[in-house]
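Quick look at structure-v2.cif (mmCIF, N, CA and C atoms):
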```
data_protein
loop_
_atom_site.label_atom_id
_atom_site.label_comp_id
_atom_site.auth_asym_id
_atom_site.auth_seq_id
_atom_site.Cartn_x
_atom_site.Cartn_y
_atom_site.Cartn_z
N MET A 1 -55.79 4.67 -2.97
CA MET A 1 -55.51 3.34 -3.47
C MET A 1 -54.37 3.40 -4.48
N ASN A 2 -53.43 2.50 -4.35
CA ASN A 2 -52.30 2.44 -5.27
C ASN A 2 -52.75 1.77 -6.56
N PRO A 3 -52.58 2.44 -7.73
CA PRO A 3 -53.01 1.83 -8.99
C PRO A 3 -52.14 0.66 -9.43
N ILE A 4 -50.97 0.52 -8.83
CA ILE A 4 -50.08 -0.59 -9.17
C ILE A 4 -50.24 -1.66 -8.10
N SER A 5 -50.69 -2.81 -8.50
CA SER A 5 -50.87 -3.91 -7.55
C SER A 5 -49.61 -4.76 -7.52
N VAL A 6 -48.86 -4.66 -6.45
CA VAL A 6 -47.62 -5.42 -6.30
C VAL A 6 -47.90 -6.68 -5.50
N GLU A 7 -47.59 -7.83 -6.09
CA GLU A 7 -47.82 -9.10 -5.41
C GLU A 7 -46.57 -9.63 -4.74
N SER A 8 -45.42 -9.20 -5.20
CA SER A 8 -44.17 -9.60 -4.55
C SER A 8 -43.09 -8.57 -4.88
N PHE A 9 -42.03 -8.58 -4.10
CA PHE A 9 -40.93 -7.66 -4.31
C PHE A 9 -39.63 -8.44 -4.25
N HIS A 10 -38.82 -8.30 -5.28
CA HIS A 10 -37.56 -9.04 -5.38
C HIS A 10 -36.41 -8.05 -5.52
N THR A 11 -35.36 -8.28 -4.78
CA THR A 11 -34.14 -7.49 -4.90
C THR A 11 -33.09 -8.40 -5.53
N ILE A 12 -32.40 -7.89 -6.54
CA ILE A 12 -31.33 -8.67 -7.17
C ILE A 12 -30.01 -8.01 -6.85
N LEU A 13 -29.09 -8.81 -6.30
CA LEU A 13 -27.77 -8.32 -5.92
C LEU A 13 -26.72 -8.87 -6.88
N TYR A 14 -25.89 -7.99 -7.43
CA TYR A 14 -24.74 -8.42 -8.23
C TYR A 14 -23.68 -8.94 -7.27
N CYS A 15 -23.15 -10.13 -7.54
CA CYS A 15 -22.21 -10.77 -6.61
C CYS A 15 -20.94 -11.20 -7.33
N ARG A 16 -19.83 -10.54 -7.03
CA ARG A 16 -18.53 -10.98 -7.54
C ARG A 16 -18.09 -12.23 -6.78
N LYS A 17 -18.39 -12.26 -5.49
CA LYS A 17 -18.07 -13.42 -4.64
C LYS A 17 -19.32 -14.29 -4.54
N TRP A 18 -19.74 -14.78 -5.70
CA TRP A 18 -21.04 -15.43 -5.82
C TRP A 18 -21.19 -16.64 -4.90
N ASP A 19 -20.23 -17.55 -4.92
CA ASP A 19 -20.34 -18.75 -4.07
C ASP A 19 -20.43 -18.38 -2.60
N ALA A 20 -19.63 -17.41 -2.18
CA ALA A 20 -19.65 -16.97 -0.78
C ALA A 20 -20.99 -16.31 -0.44
N CYS A 21 -21.54 -15.54 -1.38
CA CYS A 21 -22.83 -14.89 -1.14
C CYS A 21 -23.96 -15.91 -1.06
N VAL A 22 -23.97 -16.88 -1.96
CA VAL A 22 -25.00 -17.92 -1.91
C VAL A 22 -24.93 -18.64 -0.57
N SER A 23 -23.74 -19.00 -0.14
CA SER A 23 -23.57 -19.67 1.15
C SER A 23 -24.04 -18.78 2.30
N PHE A 24 -23.71 -17.50 2.24
CA PHE A 24 -24.09 -16.56 3.30
C PHE A 24 -25.61 -16.50 3.44
N TYR A 25 -26.32 -16.23 2.36
CA TYR A 25 -27.77 -16.07 2.43
C TYR A 25 -28.49 -17.39 2.69
N ARG A 26 -27.96 -18.49 2.17
CA ARG A 26 -28.58 -19.80 2.35
C ARG A 26 -28.18 -20.43 3.68
N ASP A 27 -26.89 -20.52 3.95
CA ASP A 27 -26.41 -21.30 5.10
C ASP A 27 -26.33 -20.48 6.39
N ILE A 28 -25.88 -19.25 6.31
CA ILE A 28 -25.73 -18.44 7.52
C ILE A 28 -27.06 -17.82 7.92
N LEU A 29 -27.72 -17.15 6.96
CA LEU A 29 -29.01 -16.54 7.29
C LEU A 29 -30.15 -17.55 7.26
N GLY A 30 -29.97 -18.66 6.56
CA GLY A 30 -30.96 -19.73 6.58
C GLY A 30 -32.12 -19.56 5.61
N PHE A 31 -31.96 -18.70 4.58
CA PHE A 31 -33.03 -18.52 3.60
C PHE A 31 -33.01 -19.68 2.60
N LYS A 32 -34.18 -20.17 2.26
CA LYS A 32 -34.31 -21.32 1.37
C LYS A 32 -34.16 -20.90 -0.10
N GLU A 33 -33.38 -21.68 -0.84
CA GLU A 33 -33.27 -21.45 -2.28
C GLU A 33 -34.58 -21.88 -2.93
N VAL A 34 -35.15 -20.99 -3.76
CA VAL A 34 -36.41 -21.32 -4.42
C VAL A 34 -36.29 -21.31 -5.94
N TYR A 35 -35.18 -20.80 -6.46
CA TYR A 35 -34.96 -20.77 -7.90
C TYR A 35 -33.46 -20.84 -8.13
N ILE A 36 -33.03 -21.82 -8.93
CA ILE A 36 -31.60 -22.03 -9.15
C ILE A 36 -31.35 -22.22 -10.64
N LYS A 37 -30.48 -21.40 -11.18
CA LYS A 37 -30.00 -21.51 -12.55
C LYS A 37 -28.50 -21.21 -12.52
N PRO A 38 -27.75 -21.62 -13.55
CA PRO A 38 -26.31 -21.30 -13.55
C PRO A 38 -26.09 -19.79 -13.41
N GLY A 39 -25.37 -19.42 -12.37
CA GLY A 39 -25.05 -18.01 -12.13
C GLY A 39 -26.14 -17.20 -11.46
N PHE A 40 -27.23 -17.84 -11.06
CA PHE A 40 -28.32 -17.11 -10.41
C PHE A 40 -29.04 -18.01 -9.42
N VAL A 41 -29.20 -17.51 -8.20
CA VAL A 41 -29.97 -18.20 -7.17
C VAL A 41 -30.90 -17.18 -6.54
N GLU A 42 -32.14 -17.59 -6.32
CA GLU A 42 -33.08 -16.72 -5.63
C GLU A 42 -33.47 -17.40 -4.32
N VAL A 43 -33.47 -16.61 -3.24
CA VAL A 43 -33.83 -17.14 -1.93
C VAL A 43 -35.11 -16.48 -1.44
N HIS A 44 -35.91 -17.27 -0.73
CA HIS A 44 -37.20 -16.83 -0.20
C HIS A 44 -36.97 -16.15 1.15
N ILE A 45 -37.50 -14.94 1.30
CA ILE A 45 -37.37 -14.20 2.55
C ILE A 45 -38.64 -14.34 3.38
N THR A 46 -39.74 -13.97 2.77
CA THR A 46 -41.06 -14.03 3.38
C THR A 46 -42.07 -14.05 2.24
N PRO A 47 -43.32 -14.43 2.47
CA PRO A 47 -44.25 -14.42 1.34
C PRO A 47 -44.23 -13.06 0.62
N GLY A 48 -43.94 -13.12 -0.66
CA GLY A 48 -43.91 -11.90 -1.46
C GLY A 48 -42.57 -11.20 -1.52
N ALA A 49 -41.53 -11.75 -0.90
CA ALA A 49 -40.22 -11.09 -0.93
C ALA A 49 -39.11 -12.12 -1.14
N ARG A 50 -38.25 -11.83 -2.11
CA ARG A 50 -37.11 -12.70 -2.41
C ARG A 50 -35.89 -11.85 -2.71
N ILE A 51 -34.72 -12.48 -2.55
CA ILE A 51 -33.45 -11.86 -2.96
C ILE A 51 -32.83 -12.76 -4.01
N GLY A 52 -32.48 -12.16 -5.15
CA GLY A 52 -31.78 -12.86 -6.21
C GLY A 52 -30.30 -12.56 -6.12
N LEU A 53 -29.47 -13.59 -6.28
CA LEU A 53 -28.01 -13.45 -6.24
C LEU A 53 -27.49 -13.77 -7.63
N LEU A 54 -26.97 -12.77 -8.30
CA LEU A 54 -26.54 -12.88 -9.69
C LEU A 54 -25.02 -12.83 -9.77
N ARG A 55 -24.43 -13.88 -10.34
CA ARG A 55 -22.97 -13.90 -10.52
C ARG A 55 -22.61 -12.74 -11.46
N SER A 56 -21.60 -11.95 -11.06
CA SER A 56 -21.27 -10.77 -11.85
C SER A 56 -19.80 -10.41 -11.67
N VAL A 57 -19.27 -9.71 -12.65
CA VAL A 57 -17.92 -9.16 -12.53
C VAL A 57 -17.99 -7.64 -12.36
N LYS A 58 -19.21 -7.10 -12.25
CA LYS A 58 -19.37 -5.66 -12.03
C LYS A 58 -18.70 -5.25 -10.74
N ASN A 59 -18.24 -4.04 -10.71
CA ASN A 59 -17.60 -3.51 -9.52
C ASN A 59 -18.50 -2.44 -8.90
N ASP A 60 -19.72 -2.81 -8.54
CA ASP A 60 -20.66 -1.87 -7.95
C ASP A 60 -20.26 -1.57 -6.51
N ASN A 61 -20.63 -0.41 -6.06
CA ASN A 61 -20.35 0.00 -4.69
C ASN A 61 -21.34 -0.66 -3.74
N PRO A 62 -20.87 -1.53 -2.83
CA PRO A 62 -21.79 -2.21 -1.91
C PRO A 62 -22.43 -1.26 -0.91
N GLU A 63 -21.88 -0.06 -0.75
CA GLU A 63 -22.43 0.88 0.20
C GLU A 63 -23.76 1.47 -0.26
N CYS A 64 -24.13 1.27 -1.52
CA CYS A 64 -25.36 1.89 -2.03
C CYS A 64 -26.59 1.04 -1.74
N VAL A 65 -26.46 -0.08 -1.06
CA VAL A 65 -27.59 -0.94 -0.75
C VAL A 65 -27.58 -1.29 0.73
N ILE A 66 -28.75 -1.18 1.35
CA ILE A 66 -28.94 -1.69 2.71
C ILE A 66 -30.14 -2.62 2.64
N LEU A 67 -29.96 -3.85 3.08
CA LEU A 67 -31.08 -4.78 3.18
C LEU A 67 -31.58 -4.72 4.62
N SER A 68 -32.83 -4.35 4.78
CA SER A 68 -33.41 -4.13 6.09
C SER A 68 -34.49 -5.17 6.36
N PHE A 69 -34.35 -5.91 7.45
CA PHE A 69 -35.28 -6.98 7.78
C PHE A 69 -35.96 -6.66 9.11
N GLN A 70 -37.26 -6.46 9.10
CA GLN A 70 -37.99 -6.34 10.36
C GLN A 70 -38.25 -7.74 10.88
N VAL A 71 -37.87 -8.00 12.12
CA VAL A 71 -38.03 -9.33 12.72
C VAL A 71 -38.87 -9.21 13.99
N GLY A 72 -39.43 -10.34 14.42
CA GLY A 72 -40.28 -10.35 15.60
C GLY A 72 -39.53 -10.09 16.89
N ASP A 73 -38.30 -10.60 17.00
CA ASP A 73 -37.51 -10.45 18.22
C ASP A 73 -36.05 -10.24 17.84
N VAL A 74 -35.60 -8.99 17.90
CA VAL A 74 -34.25 -8.67 17.46
C VAL A 74 -33.19 -9.34 18.33
N ASP A 75 -33.47 -9.54 19.60
CA ASP A 75 -32.49 -10.19 20.48
C ASP A 75 -32.31 -11.67 20.13
N LYS A 76 -33.39 -12.37 19.84
CA LYS A 76 -33.28 -13.77 19.43
C LYS A 76 -32.55 -13.89 18.09
N MET A 77 -32.84 -12.98 17.17
CA MET A 77 -32.15 -13.00 15.88
C MET A 77 -30.67 -12.72 16.06
N HIS A 78 -30.34 -11.80 16.94
CA HIS A 78 -28.93 -11.49 17.22
C HIS A 78 -28.23 -12.71 17.81
N ASP A 79 -28.87 -13.37 18.75
CA ASP A 79 -28.28 -14.59 19.34
C ASP A 79 -28.05 -15.64 18.27
N PHE A 80 -29.02 -15.83 17.37
CA PHE A 80 -28.91 -16.81 16.31
C PHE A 80 -27.75 -16.49 15.36
N LEU A 81 -27.64 -15.24 14.94
CA LEU A 81 -26.63 -14.88 13.95
C LEU A 81 -25.24 -14.65 14.54
N SER A 82 -25.17 -14.30 15.81
CA SER A 82 -23.85 -14.01 16.39
C SER A 82 -22.97 -15.25 16.48
N VAL A 83 -23.54 -16.44 16.48
CA VAL A 83 -22.72 -17.65 16.46
C VAL A 83 -22.34 -18.04 15.04
N ARG A 84 -22.96 -17.42 14.04
CA ARG A 84 -22.70 -17.72 12.64
C ARG A 84 -21.85 -16.66 11.95
N CYS A 85 -21.87 -15.45 12.46
CA CYS A 85 -21.15 -14.33 11.83
C CYS A 85 -20.09 -13.79 12.78
N LYS A 86 -18.91 -13.56 12.24
CA LYS A 86 -17.82 -13.05 13.07
C LYS A 86 -17.97 -11.56 13.35
N GLU A 87 -18.41 -10.81 12.35
CA GLU A 87 -18.52 -9.36 12.50
C GLU A 87 -19.99 -8.95 12.53
N ILE A 88 -20.46 -8.68 13.73
CA ILE A 88 -21.86 -8.31 13.94
C ILE A 88 -21.88 -7.26 15.03
N THR A 89 -22.70 -6.22 14.86
CA THR A 89 -22.74 -5.17 15.87
C THR A 89 -23.63 -5.61 17.03
N ALA A 90 -23.51 -4.89 18.12
CA ALA A 90 -24.40 -5.11 19.25
C ALA A 90 -25.78 -4.55 18.90
N VAL A 91 -26.80 -5.03 19.59
CA VAL A 91 -28.13 -4.47 19.43
C VAL A 91 -28.13 -3.09 20.06
N LYS A 92 -28.66 -2.10 19.31
CA LYS A 92 -28.69 -0.74 19.84
C LYS A 92 -30.02 -0.07 19.51
N LEU A 93 -30.34 0.96 20.27
CA LEU A 93 -31.56 1.72 20.05
C LEU A 93 -31.27 2.83 19.05
N HIS A 94 -32.13 2.95 18.05
CA HIS A 94 -31.98 4.00 17.05
C HIS A 94 -33.00 5.10 17.31
N PRO A 95 -32.68 6.34 16.87
CA PRO A 95 -33.58 7.47 17.11
C PRO A 95 -34.98 7.29 16.51
N TRP A 96 -35.11 6.47 15.47
CA TRP A 96 -36.42 6.27 14.86
C TRP A 96 -37.20 5.17 15.57
N ASN A 97 -36.88 4.97 16.84
CA ASN A 97 -37.66 4.11 17.73
C ASN A 97 -37.64 2.64 17.33
N ALA A 98 -36.47 2.13 17.09
CA ALA A 98 -36.29 0.71 16.80
C ALA A 98 -35.00 0.23 17.44
N ARG A 99 -34.97 -1.04 17.75
CA ARG A 99 -33.74 -1.68 18.22
C ARG A 99 -33.21 -2.48 17.05
N LEU A 100 -31.90 -2.35 16.76
CA LEU A 100 -31.36 -3.04 15.60
C LEU A 100 -29.90 -3.41 15.78
N PHE A 101 -29.47 -4.32 14.91
CA PHE A 101 -28.05 -4.65 14.79
C PHE A 101 -27.75 -4.79 13.31
N GLU A 102 -26.46 -4.76 12.99
CA GLU A 102 -26.05 -4.82 11.59
C GLU A 102 -24.94 -5.85 11.41
N LEU A 103 -24.85 -6.33 10.17
CA LEU A 103 -23.73 -7.16 9.74
C LEU A 103 -23.55 -6.94 8.25
N ARG A 104 -22.53 -7.53 7.67
CA ARG A 104 -22.26 -7.36 6.24
C ARG A 104 -22.16 -8.71 5.56
N ASP A 105 -22.60 -8.76 4.30
CA ASP A 105 -22.47 -9.98 3.52
C ASP A 105 -21.06 -10.04 2.92
N PRO A 106 -20.70 -11.12 2.23
CA PRO A 106 -19.34 -11.25 1.68
C PRO A 106 -18.95 -10.15 0.68
N GLU A 107 -19.91 -9.44 0.10
CA GLU A 107 -19.61 -8.34 -0.83
C GLU A 107 -19.50 -7.01 -0.10
N GLY A 108 -19.76 -6.98 1.20
CA GLY A 108 -19.68 -5.75 1.98
C GLY A 108 -21.00 -5.00 2.10
N ARG A 109 -22.09 -5.56 1.59
CA ARG A 109 -23.38 -4.90 1.71
C ARG A 109 -23.89 -4.98 3.15
N ARG A 110 -24.48 -3.89 3.61
CA ARG A 110 -24.96 -3.82 4.98
C ARG A 110 -26.35 -4.43 5.08
N LEU A 111 -26.54 -5.29 6.09
CA LEU A 111 -27.83 -5.87 6.42
C LEU A 111 -28.18 -5.41 7.82
N GLU A 112 -29.40 -4.94 8.00
CA GLU A 112 -29.84 -4.57 9.33
C GLU A 112 -31.06 -5.38 9.70
N PHE A 113 -31.10 -5.80 10.94
CA PHE A 113 -32.23 -6.54 11.49
C PHE A 113 -32.78 -5.71 12.63
N TRP A 114 -34.10 -5.49 12.61
CA TRP A 114 -34.67 -4.56 13.59
C TRP A 114 -36.05 -4.98 14.06
N THR A 115 -36.39 -4.46 15.24
CA THR A 115 -37.70 -4.63 15.84
C THR A 115 -38.16 -3.27 16.33
N PRO A 116 -39.41 -2.88 16.08
CA PRO A 116 -39.90 -1.60 16.62
C PRO A 116 -39.82 -1.62 18.14
N GLN A 117 -39.54 -0.45 18.70
CA GLN A 117 -39.44 -0.31 20.15
C GLN A 117 -40.81 -0.26 20.76
#
```
Written form, structure tokens:
Amino acid sequence: MNPISVESFHTILYCRKWDACVSFYRDILGFKEVYIKPGFVEVHITPGARIGLLRSVKNDNPECVILSFQVGDVDKMHDFLSVRCKEITAVKLHPWNARLFELRDPEGRRLEFWTPQ
């Protein structure tokens, strides 16, 4: 038994291109804004999981974060996002027994969407 009881998990992303990032997560991916303050927006992913978008001038390396989303049907998700995103990979089989595709947000962070094989 885990002695730490986690009720939700939130990831906060520093965003230099804040307006573009808010639009990407809200309008392109379709996540609902659930908390809005000047320079900070939090979007709902699933019960217990949110992503916070924080306006920042930090120059963090976007390669150090991968946002991974397990979805029910990777092909339907790919069809949905391929009309909204210009740069999206094809769905491919990975050695760890999942089918996935990837895209990047306006800051260059990698997002992967996958379904177990």
Legend entry - Contacts of region 78-88 of chain A within 5 Å, only N, CA and C atoms, excl. fewer than 3 positions in-chain, as an MDAnalysis selection string: chainID A and resid 74:75 102:103
Inset, instruction - Apply DSSP to the backbone of this structure and, from chain A, keep only the residues in strand (DSSP E); write these as number ranges by chain. - result: A: 9-15, 32-37, 40-46, 49-55, 66-70, 92-94, 98-104, 110-116
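Omitting Ile51 (chain A) and its sequence neighbours fewer than 2 positions away, and counting only C-alpha atoms, the residues within 7 Å are A:His10, A:Thr11, A:Ile12, A:Glu42, A:Val43, A:His44, A:Leu53.
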Could you tell me, as a compact mmCIF listing (two decimals) with N, CA and C atoms, keeping the file's coordinate frame, exactly which residues end up selected when the PyMOL selection byres ((chain A and resi 114) around 5) is applied to this structure?
```
# COMPACT_ATOMS: atom_id res chain seq x y z
N PHE A 69 -34.35 -5.91 7.45
CA PHE A 69 -35.28 -6.98 7.78
C PHE A 69 -35.96 -6.66 9.11
N GLN A 70 -37.26 -6.46 9.10
CA GLN A 70 -37.99 -6.34 10.36
C GLN A 70 -38.25 -7.74 10.88
N VAL A 71 -37.87 -8.00 12.12
CA VAL A 71 -38.03 -9.33 12.72
C VAL A 71 -38.87 -9.21 13.99
N ARG A 99 -34.97 -1.04 17.75
CA ARG A 99 -33.74 -1.68 18.22
C ARG A 99 -33.21 -2.48 17.05
N LEU A 100 -31.90 -2.35 16.76
CA LEU A 100 -31.36 -3.04 15.60
C LEU A 100 -29.90 -3.41 15.78
N GLU A 112 -29.40 -4.94 8.00
CA GLU A 112 -29.84 -4.57 9.33
C GLU A 112 -31.06 -5.38 9.70
N PHE A 113 -31.10 -5.80 10.94
CA PHE A 113 -32.23 -6.54 11.49
C PHE A 113 -32.78 -5.71 12.63
N THR A 115 -36.39 -4.46 15.24
CA THR A 115 -37.70 -4.63 15.84
C THR A 115 -38.16 -3.27 16.33
N PRO A 116 -39.41 -2.88 16.08
CA PRO A 116 -39.90 -1.60 16.62
C PRO A 116 -39.82 -1.62 18.14
```
Please produce, as JSON lines, a per-residue contact table for region 51-104 of chain A versus region 15-29 of chain A (criterion: any atom at most 5 Å away, all atoms listed in the file considered), showing the nearest atom pair and its distance in Å to one decimal, sorted by chain then residue number.
```
{"residue": "A:Leu54", "atom": "C", "partner": "A:Cys15", "partner_atom": "N", "distance": 4.0}
{"residue": "A:Arg55", "atom": "CA", "partner": "A:Cys15", "partner_atom": "C", "distance": 4.6}
{"residue": "A:Ser56", "atom": "N", "partner": "A:Cys15", "partner_atom": "C", "distance": 3.9}
```
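Using all atoms listed in the file, the smallest distance between any of A:Gly108, A:Gly52, A:Gly30, A:Pro95 and Tyr14 (chain A) comes from A:Gly52.
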Legend entry - All alpha helix (DSSP H) residues (DSSP, backbone) inside chain A, as a list in words: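 Going through chain A, the alpha helix (DSSP H) residues come out as Trp18, Asp19, Ala20, Cys21, Val22, Ser23, Val74, Asp75, Lys76, Met77, His78, Asp79, Phe80, Leu81 and Ser82 of chain A.
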May I have the residues from that selection written out with N, CA and C atoms, as a PDB file, keeping the file's coordinate frame?
```
ATOM      1  N   TRP A  18     -19.740 -14.780  -5.700  1.00  0.00           N
ATOM      2  CA  TRP A  18     -21.040 -15.430  -5.820  1.00  0.00           C
ATOM      3  C   TRP A  18     -21.190 -16.640  -4.900  1.00  0.00           C
ATOM      4  N   ASP A  19     -20.230 -17.550  -4.920  1.00  0.00           N
ATOM      5  CA  ASP A  19     -20.340 -18.750  -4.070  1.00  0.00           C
ATOM      6  C   ASP A  19     -20.430 -18.380  -2.600  1.00  0.00           C
ATOM      7  N   ALA A  20     -19.630 -17.410  -2.180  1.00  0.00           N
ATOM      8  CA  ALA A  20     -19.650 -16.970  -0.780  1.00  0.00           C
ATOM      9  C   ALA A  20     -20.990 -16.310  -0.440  1.00  0.00           C
ATOM     10  N   CYS A  21     -21.540 -15.540  -1.380  1.00  0.00           N
ATOM     11  CA  CYS A  21     -22.830 -14.890  -1.140  1.00  0.00           C
ATOM     12  C   CYS A  21     -23.960 -15.910  -1.060  1.00  0.00           C
ATOM     13  N   VAL A  22     -23.970 -16.880  -1.960  1.00  0.00           N
ATOM     14  CA  VAL A  22     -25.000 -17.920  -1.910  1.00  0.00           C
ATOM     15  C   VAL A  22     -24.930 -18.640  -0.570  1.00  0.00           C
ATOM     16  N   SER A  23     -23.740 -19.000  -0.140  1.00  0.00           N
ATOM     17  CA  SER A  23     -23.570 -19.670   1.150  1.00  0.00           C
ATOM     18  C   SER A  23     -24.040 -18.780   2.300  1.00  0.00           C
ATOM     19  N   VAL A  74     -35.600  -8.990  17.900  1.00  0.00           N
ATOM     20  CA  VAL A  74     -34.250  -8.670  17.460  1.00  0.00           C
ATOM     21  C   VAL A  74     -33.190  -9.340  18.330  1.00  0.00           C
ATOM     22  N   ASP A  75     -33.470  -9.540  19.600  1.00  0.00           N
ATOM     23  CA  ASP A  75     -32.490 -10.190  20.480  1.00  0.00           C
ATOM     24  C   ASP A  75     -32.310 -11.670  20.130  1.00  0.00           C
ATOM     25  N   LYS A  76     -33.390 -12.370  19.840  1.00  0.00           N
ATOM     26  CA  LYS A  76     -33.280 -13.770  19.430  1.00  0.00           C
ATOM     27  C   LYS A  76     -32.550 -13.890  18.090  1.00  0.00           C
ATOM     28  N   MET A  77     -32.840 -12.980  17.170  1.00  0.00           N
ATOM     29  CA  MET A  77     -32.150 -13.000  15.880  1.00  0.00           C
ATOM     30  C   MET A  77     -30.670 -12.720  16.060  1.00  0.00           C
ATOM     31  N   HIS A  78     -30.340 -11.800  16.940  1.00  0.00           N
ATOM     32  CA  HIS A  78     -28.930 -11.490  17.220  1.00  0.00           C
ATOM     33  C   HIS A  78     -28.230 -12.710  17.810  1.00  0.00           C
ATOM     34  N   ASP A  79     -28.870 -13.370  18.750  1.00  0.00           N
ATOM     35  CA  ASP A  79     -28.280 -14.590  19.340  1.00  0.00           C
ATOM     36  C   ASP A  79     -28.050 -15.640  18.270  1.00  0.00           C
ATOM     37  N   PHE A  80     -29.020 -15.830  17.370  1.00  0.00           N
ATOM     38  CA  PHE A  80     -28.910 -16.810  16.310  1.00  0.00           C
ATOM     39  C   PHE A  80     -27.750 -16.490  15.360  1.00  0.00           C
ATOM     40  N   LEU A  81     -27.640 -15.240  14.940  1.00  0.00           N
ATOM     41  CA  LEU A  81     -26.630 -14.880  13.950  1.00  0.00           C
ATOM     42  C   LEU A  81     -25.240 -14.650  14.540  1.00  0.00           C
ATOM     43  N   SER A  82     -25.170 -14.300  15.810  1.00  0.00           N
ATOM     44  CA  SER A  82     -23.850 -14.010  16.390  1.00  0.00           C
ATOM     45  C   SER A  82     -22.970 -15.250  16.480  1.00  0.00           C
TER      46      SER A  82
END
```
Legend entry - Gap from CA of Thr46 (chain A) to atom C of Asn97 (chain A) - Å, one decimal: 22.0 Å
Inset, instruction - To one decimal in Å, tell me the separation between atom C of Ala49 (chain A) and atom N of Tyr35 (chain A). - result: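 If I compute the distance from atom C of Ala49 (chain A) to atom N of Tyr35 (chain A), I get 10.9 Å.
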Inset, instruction - Have a look at A:Gly39, A:Pro47, A:Arg109, A:Gln117 and name the one nearest to Trp96 (chain A); count all atoms listed in the file. - result: A:Gln117
Legend entry - Between CA of Glu33 (chain A) and CA of Ile45 (chain A) - distance in Å to one decimal: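 For CA of Ile45 (chain A) relative to CA of Glu33 (chain A), the distance reads 9.6 Å.
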Box dimensions and centre (Å, one decimal) enclosing region 104-112 of chain A, axis-aligned, 5 Å extra per side, as lines of an AutoDock Vina configuration file:
```
center_x = -25.0
center_y = -7.5
center_z = 4.4
size_x = 22.1
size_y = 17.4
size_z = 20.5
```
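Across A:Val34, A:Phe101, A:Gly48, A:Phe40, the tightest approach to Thr89 (chain A) is made by A:Phe101 when counting only N, CA and C atoms.
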Legend entry - Among listed residues A:Ile36, A:Leu93, A:Val65, A:Val41, nearest Leu111 (chain A) (using only N, CA and C atoms): A:Val65
